[in-house]
file structure.cif (mmCIF, C-alpha atoms)
data_entry
loop_
_atom_site.label_atom_id
_atom_site.label_comp_id
_atom_site.auth_asym_id
_atom_site.auth_seq_id
_atom_site.Cartn_x
_atom_site.Cartn_y
_atom_site.Cartn_z
CA MET A 1 -24.37 -10.23 -38.06
CA SER A 2 -25.02 -13.83 -38.93
CA PHE A 3 -22.84 -16.88 -38.65
CA SER A 4 -22.22 -19.47 -41.33
CA LYS A 5 -23.01 -23.12 -40.74
CA GLU A 6 -19.30 -23.81 -40.29
CA GLN A 7 -18.94 -21.01 -37.79
CA ILE A 8 -21.90 -22.29 -35.78
CA GLN A 9 -20.25 -25.70 -35.68
CA ARG A 10 -16.84 -24.31 -34.89
CA TYR A 11 -18.07 -22.27 -31.95
CA SER A 12 -20.89 -24.61 -30.90
CA ARG A 13 -19.40 -25.59 -27.56
CA GLN A 14 -19.03 -22.01 -26.44
CA LEU A 15 -22.29 -20.86 -28.09
CA LEU A 16 -23.94 -23.36 -25.73
CA LEU A 17 -22.71 -21.41 -22.73
CA PRO A 18 -25.54 -19.14 -21.58
CA GLU A 19 -22.97 -16.47 -20.66
CA ILE A 20 -21.82 -16.36 -24.29
CA GLY A 21 -24.42 -17.50 -26.84
CA VAL A 22 -24.79 -15.79 -30.22
CA LYS A 23 -24.60 -12.30 -28.72
CA GLY A 24 -21.33 -13.07 -26.98
CA GLN A 25 -19.89 -14.66 -30.08
CA GLU A 26 -20.73 -11.53 -32.04
CA LYS A 27 -19.00 -9.45 -29.40
CA LEU A 28 -15.87 -11.56 -29.72
CA GLN A 29 -15.94 -11.30 -33.49
CA GLN A 30 -16.09 -7.51 -33.22
CA SER A 31 -13.29 -7.38 -30.64
CA SER A 32 -9.58 -6.80 -31.04
CA VAL A 33 -6.69 -7.75 -28.79
CA LEU A 34 -3.04 -6.72 -28.96
CA ILE A 35 -0.71 -9.46 -27.76
CA VAL A 36 2.67 -8.10 -26.69
CA GLY A 37 5.27 -10.82 -27.05
CA ALA A 38 4.68 -14.12 -28.86
CA GLY A 39 6.62 -16.18 -26.33
CA GLY A 40 5.77 -18.56 -23.51
CA LEU A 41 2.69 -16.55 -22.51
CA GLY A 42 1.73 -15.01 -25.84
CA CYS A 43 1.65 -18.36 -27.67
CA PRO A 44 -1.01 -20.13 -25.61
CA ALA A 45 -2.94 -16.89 -25.17
CA ALA A 46 -2.98 -16.25 -28.93
CA LEU A 47 -4.12 -19.80 -29.67
CA TYR A 48 -7.08 -19.57 -27.31
CA LEU A 49 -8.08 -16.09 -28.41
CA ALA A 50 -7.95 -17.06 -32.07
CA ALA A 51 -9.76 -20.34 -31.44
CA ALA A 52 -12.49 -18.50 -29.54
CA GLY A 53 -13.10 -16.25 -32.56
CA VAL A 54 -11.75 -12.88 -31.42
CA GLY A 55 -12.08 -10.85 -34.63
CA LYS A 56 -8.71 -9.15 -34.75
CA LEU A 57 -5.42 -10.06 -33.11
CA GLY A 58 -2.31 -7.91 -33.21
CA ILE A 59 0.89 -9.76 -32.35
CA ILE A 60 4.10 -7.90 -31.80
CA ASP A 61 7.45 -9.57 -31.25
CA ARG A 62 11.02 -8.65 -32.12
CA GLU A 63 12.58 -12.09 -32.21
CA ALA A 64 13.00 -15.08 -34.45
CA VAL A 65 12.06 -18.57 -33.32
CA ALA A 66 14.93 -20.41 -31.60
CA LEU A 67 15.20 -24.08 -30.78
CA SER A 68 15.26 -23.19 -27.07
CA ASN A 69 11.78 -21.64 -27.46
CA LEU A 70 10.02 -24.81 -28.52
CA HIS A 71 9.60 -26.35 -25.07
CA ARG A 72 7.08 -23.65 -24.19
CA GLN A 73 6.21 -21.56 -27.25
CA ILE A 74 3.55 -23.83 -28.64
CA LEU A 75 2.72 -21.81 -31.75
CA TYR A 76 5.92 -22.99 -33.40
CA GLY A 77 7.39 -26.17 -34.79
CA ILE A 78 10.86 -27.21 -35.82
CA GLU A 79 10.28 -25.85 -39.33
CA ASP A 80 9.80 -22.35 -37.87
CA VAL A 81 13.23 -22.10 -36.25
CA GLY A 82 14.90 -19.00 -37.67
CA ARG A 83 11.64 -17.43 -38.89
CA LEU A 84 10.26 -14.26 -37.36
CA LYS A 85 7.89 -15.15 -34.54
CA SER A 86 5.35 -12.60 -35.77
CA ASP A 87 5.21 -14.28 -39.21
CA ALA A 88 5.17 -17.83 -37.92
CA ALA A 89 2.48 -16.93 -35.38
CA LYS A 90 0.30 -15.33 -38.03
CA GLN A 91 0.53 -18.38 -40.27
CA ARG A 92 -0.27 -20.80 -37.46
CA LEU A 93 -3.22 -18.77 -36.16
CA SER A 94 -4.69 -18.28 -39.63
CA ARG A 95 -4.56 -22.02 -40.11
CA LEU A 96 -6.31 -22.55 -36.81
CA ASN A 97 -9.08 -20.04 -37.52
CA PRO A 98 -9.37 -18.19 -40.83
CA ASP A 99 -12.13 -15.99 -39.34
CA VAL A 100 -9.50 -14.13 -37.36
CA GLU A 101 -7.64 -11.20 -38.87
CA VAL A 102 -4.07 -11.34 -37.62
CA ALA A 103 -1.80 -8.31 -37.78
CA ALA A 104 1.78 -9.50 -37.33
CA ILE A 105 4.19 -6.81 -36.27
CA HIS A 106 7.91 -7.42 -36.17
CA GLY A 107 9.59 -5.08 -33.70
CA SER A 108 9.13 -3.76 -30.20
CA LEU A 109 6.87 -1.11 -28.75
CA GLN A 110 8.38 2.37 -28.69
CA ALA A 111 7.53 5.13 -26.24
CA GLU A 112 6.72 7.52 -29.10
CA THR A 113 4.18 5.30 -30.80
CA VAL A 114 2.87 2.99 -28.10
CA LEU A 115 -0.20 5.12 -27.33
CA ASP A 116 -1.48 5.10 -30.91
CA PHE A 117 -0.73 1.44 -31.02
CA VAL A 118 -2.73 0.37 -27.99
CA ARG A 119 -5.59 2.75 -28.84
CA GLY A 120 -6.27 0.62 -31.88
CA TYR A 121 -7.33 -2.32 -29.70
CA ASP A 122 -10.10 -3.14 -27.22
CA LEU A 123 -7.69 -4.91 -24.86
CA VAL A 124 -3.98 -5.52 -24.47
CA LEU A 125 -2.45 -8.77 -23.23
CA ASP A 126 1.11 -8.36 -22.01
CA GLY A 127 3.17 -11.48 -22.35
CA SER A 128 6.47 -9.68 -22.81
CA ASP A 129 9.72 -10.91 -21.32
CA ASN A 130 11.35 -7.80 -19.93
CA VAL A 131 10.90 -5.11 -17.33
CA ALA A 132 11.11 -2.14 -19.71
CA THR A 133 8.20 -3.37 -21.82
CA ARG A 134 6.12 -4.22 -18.74
CA TYR A 135 6.19 -0.63 -17.51
CA LEU A 136 5.81 0.86 -20.98
CA VAL A 137 2.72 -1.25 -21.73
CA ASN A 138 1.20 -0.55 -18.31
CA ASP A 139 1.69 3.20 -18.63
CA ALA A 140 0.39 3.29 -22.20
CA CYS A 141 -2.72 1.29 -21.31
CA VAL A 142 -3.47 3.52 -18.33
CA LEU A 143 -2.97 6.71 -20.38
CA ALA A 144 -4.99 5.41 -23.32
CA GLU A 145 -7.55 3.81 -20.97
CA VAL A 146 -7.32 0.42 -22.64
CA PRO A 147 -7.86 -2.62 -20.35
CA LEU A 148 -4.74 -4.68 -19.81
CA VAL A 149 -4.16 -8.28 -18.78
CA TYR A 150 -0.75 -8.62 -17.15
CA GLY A 151 0.89 -12.00 -16.66
CA GLY A 152 4.40 -13.06 -15.75
CA VAL A 153 6.11 -16.40 -15.42
CA VAL A 154 9.53 -17.60 -14.33
CA GLY A 155 10.65 -20.97 -13.05
CA PHE A 156 7.57 -22.76 -11.76
CA ARG A 157 5.68 -19.67 -10.67
CA GLY A 158 3.59 -16.96 -12.19
CA GLN A 159 1.26 -14.02 -11.60
CA VAL A 160 -1.81 -12.64 -13.36
CA MET A 161 -3.69 -9.39 -12.84
CA VAL A 162 -6.27 -7.45 -14.84
CA ILE A 163 -5.88 -3.69 -15.03
CA ARG A 164 -8.94 -1.50 -15.54
CA PRO A 165 -7.27 1.86 -16.11
CA ARG A 166 -8.01 4.43 -13.42
CA GLN A 167 -10.50 2.07 -11.79
CA SER A 168 -8.34 -0.73 -10.47
CA ALA A 169 -4.73 -1.14 -9.39
CA CYS A 170 -2.24 -0.90 -12.25
CA PHE A 171 1.12 -2.68 -12.40
CA ARG A 172 2.80 0.45 -11.04
CA CYS A 173 0.37 0.64 -8.10
CA VAL A 174 1.58 -2.79 -7.02
CA PHE A 175 5.23 -2.53 -8.09
CA PRO A 176 5.84 1.26 -8.15
CA GLU A 177 9.26 1.35 -9.74
CA PRO A 178 11.13 -0.94 -12.06
CA PRO A 179 13.83 -2.97 -10.39
CA ALA A 180 17.41 -2.13 -11.30
CA ALA A 181 19.00 -4.19 -14.02
CA GLY A 182 19.55 -7.75 -12.90
CA GLU A 183 17.38 -7.47 -9.79
CA ILE A 184 14.80 -9.85 -11.14
CA PRO A 185 15.51 -12.70 -13.49
CA SER A 186 14.09 -13.41 -16.93
CA CYS A 187 13.17 -16.85 -18.21
CA GLN A 188 16.35 -16.79 -20.21
CA GLU A 189 18.36 -16.45 -17.02
CA ALA A 190 16.36 -18.42 -14.51
CA GLY A 191 14.66 -21.02 -16.66
CA VAL A 192 10.96 -21.76 -16.93
CA LEU A 193 8.73 -24.83 -17.10
CA GLY A 194 6.74 -24.80 -20.33
CA ALA A 195 3.56 -26.03 -18.70
CA ALA A 196 3.74 -23.24 -16.09
CA ALA A 197 3.94 -20.68 -18.92
CA GLY A 198 1.00 -22.47 -20.57
CA LEU A 199 -1.05 -22.22 -17.41
CA ILE A 200 -0.42 -18.51 -16.95
CA GLY A 201 -0.86 -17.71 -20.67
CA SER A 202 -4.13 -19.64 -20.78
CA LEU A 203 -5.38 -17.84 -17.69
CA MET A 204 -4.53 -14.53 -19.36
CA ALA A 205 -6.58 -15.51 -22.41
CA HIS A 206 -9.41 -16.63 -20.13
CA GLU A 207 -9.45 -13.26 -18.37
CA ALA A 208 -9.21 -11.40 -21.68
CA LEU A 209 -12.23 -13.27 -23.07
CA LYS A 210 -14.26 -12.56 -19.94
CA ALA A 211 -13.33 -8.89 -20.12
CA LEU A 212 -14.30 -8.66 -23.81
CA LEU A 213 -17.60 -10.42 -23.11
CA GLY A 214 -18.23 -8.43 -19.94
CA ILE A 215 -19.00 -11.54 -17.94
CA GLY A 216 -18.02 -12.92 -14.56
CA GLU A 217 -15.71 -11.49 -12.01
CA GLY A 218 -12.34 -10.43 -13.28
CA LEU A 219 -8.91 -10.25 -11.73
CA ALA A 220 -9.05 -6.47 -11.30
CA ASN A 221 -7.65 -5.47 -7.90
CA ARG A 222 -6.47 -9.05 -7.44
CA LEU A 223 -3.00 -10.40 -8.01
CA LEU A 224 -3.34 -14.12 -8.57
CA VAL A 225 -0.06 -15.79 -7.69
CA PHE A 226 0.81 -19.35 -8.69
CA GLU A 227 3.47 -21.15 -6.70
CA GLY A 228 3.94 -24.08 -9.02
CA LEU A 229 6.25 -26.30 -6.99
CA ALA A 230 3.80 -26.29 -4.11
CA SER A 231 0.86 -26.28 -6.58
CA ARG A 232 -0.74 -23.46 -4.67
CA TRP A 233 -2.69 -20.44 -5.95
CA ARG A 234 -2.92 -17.31 -3.87
CA ASP A 235 -5.41 -14.56 -4.47
CA VAL A 236 -3.89 -11.36 -3.11
CA PRO A 237 -6.08 -8.26 -2.96
CA VAL A 238 -4.34 -5.19 -4.35
CA ARG A 239 -5.65 -1.67 -4.77
CA ARG A 240 -5.17 1.52 -6.71
CA ASP A 241 -2.50 3.69 -5.11
CA PRO A 242 -3.52 7.37 -4.94
CA ALA A 243 0.23 8.12 -5.07
CA CYS A 244 0.78 6.02 -8.22
CA ALA A 245 3.01 7.84 -10.72
CA VAL A 246 0.74 7.04 -13.66
CA CYS A 247 -2.82 6.44 -12.40
CA GLY A 248 -2.70 8.24 -9.04
CA ASP A 249 -4.36 11.52 -8.11
CA ALA A 250 -1.33 13.64 -9.05
CA PRO A 251 0.39 11.64 -11.77
CA THR A 252 3.94 12.51 -12.78
CA ILE A 253 3.88 10.31 -15.88
CA ARG A 254 1.71 11.90 -18.55
CA GLN A 255 3.35 10.39 -21.60
CA PRO A 256 4.86 6.94 -22.00
CA VAL A 257 8.56 7.04 -21.28
CA ALA A 258 11.10 4.43 -22.28
CA ILE A 259 12.93 2.88 -19.36
CA GLU A 260 16.58 2.13 -19.85
CA HIS A 261 16.75 -1.48 -18.93
CA PRO A 262 18.85 -4.17 -20.52
CA VAL A 263 16.66 -6.90 -21.93
CA CYS A 264 19.23 -9.51 -21.09
CA VAL A 265 21.68 -9.36 -18.26
CA GLU A 266 24.34 -11.85 -17.48
CA VAL A 267 23.32 -15.01 -15.75
CA GLN A 268 23.92 -14.72 -12.05
CA GLN A 269 25.23 -17.76 -10.34
CA GLU A 270 22.39 -17.77 -7.88
CA GLY A 271 19.92 -17.07 -10.63
CA ALA A 272 16.60 -16.16 -9.27
CA TRP A 273 17.14 -13.35 -6.80
CA PRO A 274 19.27 -10.23 -6.40
CA ARG A 275 22.57 -10.49 -4.67
CA SER A 276 23.81 -7.84 -2.36
CA ARG A 277 26.08 -5.36 -4.00
CA MET B 1 2.53 -18.84 18.90
CA ALA B 2 4.21 -16.87 16.16
CA VAL B 3 3.61 -15.17 12.83
CA THR B 4 3.59 -17.31 9.69
CA VAL B 5 5.81 -15.92 6.93
CA ARG B 6 5.29 -17.23 3.39
CA ILE B 7 8.53 -17.42 1.49
CA PRO B 8 8.55 -17.11 -2.34
CA THR B 9 10.23 -19.95 -4.23
CA PRO B 10 13.51 -18.20 -5.06
CA LEU B 11 14.17 -17.50 -1.39
CA GLN B 12 13.33 -20.97 -0.18
CA ARG B 13 16.86 -22.19 -0.57
CA LEU B 14 17.68 -19.85 2.31
CA THR B 15 14.94 -21.39 4.47
CA ASN B 16 15.98 -25.01 3.88
CA GLY B 17 13.28 -25.40 1.27
CA GLN B 18 10.45 -24.34 3.56
CA ALA B 19 7.61 -22.38 1.93
CA GLU B 20 6.32 -21.19 5.30
CA VAL B 21 8.32 -20.34 8.40
CA GLN B 22 7.40 -19.07 11.87
CA CYS B 23 8.89 -15.82 13.15
CA ASP B 24 8.41 -13.52 16.12
CA GLY B 25 8.02 -9.77 16.26
CA SER B 26 5.46 -7.05 16.87
CA THR B 27 6.06 -5.18 13.59
CA VAL B 28 7.03 -6.19 10.06
CA SER B 29 10.44 -4.63 10.69
CA ASP B 30 10.98 -6.81 13.80
CA LEU B 31 9.80 -9.82 11.89
CA LEU B 32 12.37 -9.27 9.15
CA LEU B 33 15.13 -9.00 11.78
CA ASP B 34 14.02 -12.25 13.34
CA LEU B 35 13.80 -13.85 9.90
CA GLU B 36 17.38 -12.77 9.22
CA LYS B 37 18.50 -14.23 12.58
CA ARG B 38 16.97 -17.58 11.71
CA TYR B 39 17.92 -17.59 8.04
CA PRO B 40 21.02 -15.44 7.55
CA GLY B 41 21.22 -13.65 4.21
CA ILE B 42 17.49 -13.47 3.56
CA LYS B 43 16.88 -9.85 4.57
CA GLU B 44 19.20 -8.36 1.98
CA ARG B 45 17.14 -10.11 -0.68
CA ILE B 46 14.02 -8.32 0.54
CA CYS B 47 15.41 -4.95 1.64
CA ASP B 48 18.11 -2.69 0.25
CA GLU B 49 21.18 -1.37 2.12
CA GLN B 50 19.06 1.32 3.79
CA GLY B 51 16.67 -1.32 5.05
CA LYS B 52 13.97 -0.13 2.65
CA LEU B 53 11.81 -2.70 0.92
CA ARG B 54 13.19 -3.45 -2.54
CA ARG B 55 11.21 -1.85 -5.34
CA PHE B 56 9.94 -5.02 -6.91
CA VAL B 57 8.97 -6.78 -3.69
CA ASN B 58 5.74 -6.38 -1.76
CA ILE B 59 4.88 -7.58 1.71
CA PHE B 60 1.31 -8.39 2.59
CA VAL B 61 0.03 -8.86 6.14
CA ASN B 62 -3.07 -11.02 6.06
CA GLU B 63 -3.36 -10.16 2.34
CA GLU B 64 -3.14 -6.40 2.90
CA ASP B 65 -0.26 -4.48 1.29
CA ILE B 66 1.88 -2.92 4.04
CA ARG B 67 2.42 0.16 1.86
CA PHE B 68 -1.23 1.01 2.53
CA MET B 69 -0.80 0.43 6.26
CA GLN B 70 2.22 1.58 8.27
CA GLY B 71 4.92 0.20 5.99
CA ASP B 72 7.54 -1.79 7.88
CA GLN B 73 6.09 -0.43 11.13
CA THR B 74 2.83 -2.27 10.43
CA ALA B 75 1.86 -4.22 13.54
CA VAL B 76 1.73 -8.00 13.44
CA LYS B 77 0.45 -10.38 16.05
CA SER B 78 0.51 -14.06 16.78
CA GLY B 79 -1.44 -16.00 14.17
CA ASP B 80 -1.03 -13.38 11.40
CA GLU B 81 0.14 -14.45 7.97
CA VAL B 82 2.76 -12.45 6.14
CA SER B 83 3.48 -12.98 2.43
CA ILE B 84 6.53 -11.79 0.54
CA ILE B 85 5.65 -11.35 -3.15
CA PRO B 86 8.15 -10.29 -5.81
CA ALA B 87 7.22 -9.01 -9.30
CA ILE B 88 7.64 -11.40 -12.22
CA ALA B 89 8.66 -9.95 -15.58
CA GLY B 90 9.35 -13.14 -17.53
CA GLY B 91 7.12 -14.36 -20.30
#
call {"tool": "encode", "arguments": {"input": "structure.cif", "output": "structure tokens"}}
result
Amino acid sequence: MSFSKEQIQRYSRQLLLPEIGVKGQEKLQQSSVLIVGAGGLGCPAALYLAAAGVGKLGIIDREAVALSNLHRQILYGIEDVGRLKSDAAKQRLSRLNPDVEVAAIHGSLQAETVLDFVRGYDLVLDGSDNVATRYLVNDACVLAEVPLVYGGVVGFRGQVMVIRPRQSACFRCVFPEPPAAGEIPSCQEAGVLGAAAGLIGSLMAHEALKALLGIGEGLANRLLVFEGLASRWRDVPVRRDPACAVCGDAPTIRQPVAIEHPVCVEVQQEGAWPRSR
Amino acid sequence: MAVTVRIPTPLQRLTNGQAEVQCDGSTVSDLLLDLEKRYPGIKERICDEQGKLRRFVNIFVNEEDIRFMQGDQTAVKSGDEVSIIPAIAGG
């Protein structure tokens, strides 16, 4: 593979990095990443992955751009309000880097098809906004053995973890069962600072690039927790649970299963934590 | 001397805004009782009606998940650091 003069210029600052160079750039160009959710996390992640020259990006989202998205979803402008996020994202990313092939998918992942879906990619980046999708994506990536970068954000805080299927802790190893509806808040309910989402989304892209390049130390078996009001990062060691329902020694989940979980629940007065029932 | 308990942001309004509090106890279970005594209402946010840790919350003693130790019977001693970490699904 050879690079054009423009490509060499475009990527010059990362080609200079000894950990990347021409070989690394070729690797990125031959790589594919599925981004689940083109929201507060997916937007910055997609921008950095496209800018870095990842060859193929799949972006799946079910929503249209709303005015209330613009404070954090930096792929979109005022002219995109009302358009499908998948379409607007594709247009913006193609403008940023025409080298990148963008597959825009309008919809949400389904239990029946998610395995085939994730198998088509080298890595999955989960920036979704709901519990049901979190578990579905985790289980599918473990079963299909596709590396996964998990990230979550709400309020001023966030978490990131890299999942190496069957080698490192998966999302279910750390949080074995989904919370009941309303037990944890979404950004829609609890609010979120755009810059905090940007930080977590950028870190997810950073980890994805390292994983594709096979460089550095990743966030496998580590849950990196950002407490944004205190401006403190915590690096919490986690580990694979032999009793995990999907990646443990005697798994009970052998096919992805849809979890019944309302995407939006009513705003609780106290917002960010469950109330006793 | 006591055990330092790190409180996640959404629970800090129950601890008068403090991100870290000091509690006493020889096990995680004791510690949660003492935490509840000092900051009424906090335990039910961490444990369900049966006193079991809620499904989306993890407790780490000195950065080790208590599920891989003795659960809420995990021993703690003066100077230990206990973190309460909930899952985040937003994006």
call {"tool": "interface_residues", "arguments": {"input": "structure.cif", "of": "chain B", "to": "chain A", "cutoff": "8 Å", "atoms": "only C-alpha atoms", "output": "PyMOL selection string"}}
result
chain B and resi 8-11+44-45+54-58+63-65+87-91
call {"tool": "closest_residue", "arguments": {"input": "structure.cif", "among": "A:His206, A:Tyr76, A:Ser2, A:Leu143", "to": "Val22 of chain A", "atoms": "only C-alpha atoms"}}
result
A:Ser2
call {"tool": "resolve_selection", "arguments": {"input": "structure.cif", "expression": "the PyMOL selection byres ((chain B and resi 69-72) around 10)", "output": "PyMOL selection string"}}
result
chain B and resi 27-32+51-53+59-61+64-68+73-75
call {"tool": "residues_near_point", "arguments": {"input": "structure.cif", "point": "(5.8, 4.2, -15.7)", "cutoff": "8 Å", "atoms": "all atoms listed in the file", "output": "JSON list (two decimals) with C-alpha atoms, in the frame of the given file"}}
result
[["chain", "number", "residue", "atom", "x", "y", "z"],
["A", 135, "TYR", "CA", 6.19, -0.63, -17.51],
["A", 136, "LEU", "CA", 5.81, 0.86, -20.98],
["A", 138, "ASN", "CA", 1.20, -0.55, -18.31],
["A", 139, "ASP", "CA", 1.69, 3.20, -18.63],
["A", 172, "ARG", "CA", 2.80, 0.45, -11.04],
["A", 177, "GLU", "CA", 9.26, 1.35, -9.74],
["A", 245, "ALA", "CA", 3.01, 7.84, -10.72],
["A", 246, "VAL", "CA", 0.74, 7.04, -13.66],
["A", 253, "ILE", "CA", 3.88, 10.31, -15.88],
["A", 256, "PRO", "CA", 4.86, 6.94, -22.00],
["A", 257, "VAL", "CA", 8.56, 7.04, -21.28]]
call {"tool": "resolve_selection", "arguments": {"input": "structure.cif", "expression": "the PyMOL selection byres ((chain B and resi 4) around 8)", "output": "list in words"}}
result
Ala2, Val3, Val5, Arg6, Glu20, Val21, Gln22, Cys23, Gly79, Asp80, Glu81 and Val82 of chain B
call {"tool": "atom_distance", "arguments": {"input": "structure.cif", "atom1": "atom CA of Gly21 of chain A", "atom2": "atom CA of Val54 of chain A"}}
result
14.2 Å
call {"tool": "resolve_selection", "arguments": {"input": "structure.cif", "expression": "the PyMOL selection byres ((chain A and resi 73) around 12)", "output": "ChimeraX atom specification"}}
result
/A:37-47,64-72,74-78,80-81,85,88-89,127,192-198,201 /B:91
call {"tool": "atom_distance", "arguments": {"input": "structure.cif", "atom1": "atom CA of Gln167 of chain A", "atom2": "atom CA of Ser202 of chain A"}}
result
24.3 Å
call {"tool": "atom_distance", "arguments": {"input": "structure.cif", "atom1": "atom CA of Leu203 of chain A", "atom2": "atom CA of Ser231 of chain A"}}
result
15.3 Å
call {"tool": "residues_around", "arguments": {"input": "structure.cif", "residues": "Ile7 of chain B", "least_positions_apart": "5", "cutoff": "9 Å", "atoms": "all atoms listed in the file", "output": "VMD selection string"}}
result
chain B and resid 12 15 18 to 21 82 to 85
